[in-house]
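Below you'll find the structure, written out as structure tokens, and then a few comments.
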Amino acid sequence: MSGKVSYYTEEGLNKLKNELNHLKTKGRSQIAAQIAEARDKGDLSENAEYDAAKDAQGLLELKISKLEEIVSNARLLDESTIDTSKASILTKVKIKNKKTGHTVEYTLVSEEEADLKSGRISLKSPIGKALLGKGVGETVIVDVPAGKIEFEILDIGR
């Protein structure tokens, strides 16, 4: 199976690996215990608890399989090699809304690591796409559901 290559920070990749390890160990043992408990209750043909536990096992294995594929196709980004002359993955970009004067700083990350609350936006988001490849002093126009917003790039760093 060849999946899509995704780029991660060391922190993001470790988080994925930890989740995968947790599901493979504790997750599987919890499901096994639920199945054993349901099996002990008698006739399996009319045992809804057993059916539910088997369904949960199937969903868990599917999630494990998907995570294994993501981890196998993950590539670690070396932050020291990032060019900060242009906005790219893992750069911190400080932008100013030209209409309101409001400034905000975002770190551009892969879709899987995006977290708006911590200021990490996806390269595939409207703002991320508009900023990609642009330099300090440039103006970008972002199409958002509310219309178009014009931003000026104030700073790019790591």
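Ordered as shown in the structure tokens, chains take letters A, B, and onward, while each chain numbers its residues from 1 and ligands are numbered from 1 in the order shown.
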Within 10 Å of range 35-53 of chain A, which residues of range 57-105 of chain A come that close, and what is the closest atom pair and distance in Å for each? Count only C-alpha atoms and give it as CSV.
residue,atom,partner,partner_atom,distance
A:Gln57,CA,A:Ala53,CA,6.1
A:Gly58,CA,A:Ala53,CA,8.7
A:Leu59,CA,A:Ala53,CA,9.9
- Backbone DSSP call of alpha helix (DSSP H) for range 46-153 of chain A, listed as a PyMOL selection string: chain A and resi 48-72+126-131
- From a DSSP pass on the backbone, collect the residues of chain A flagged as strand (DSSP E or B) and hand them back as a VMD selection string. chain A and resid 6 to 8 74 to 76 92 to 97 103 to 109 115 120 to 122 139 to 144 147 to 157
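When only C-alpha atoms are used to measure the gap to Lys134 in chain A, the shortest distance among A:Asp155, A:Leu116, A:Lys148, A:Lys86 belongs to A:Lys86.
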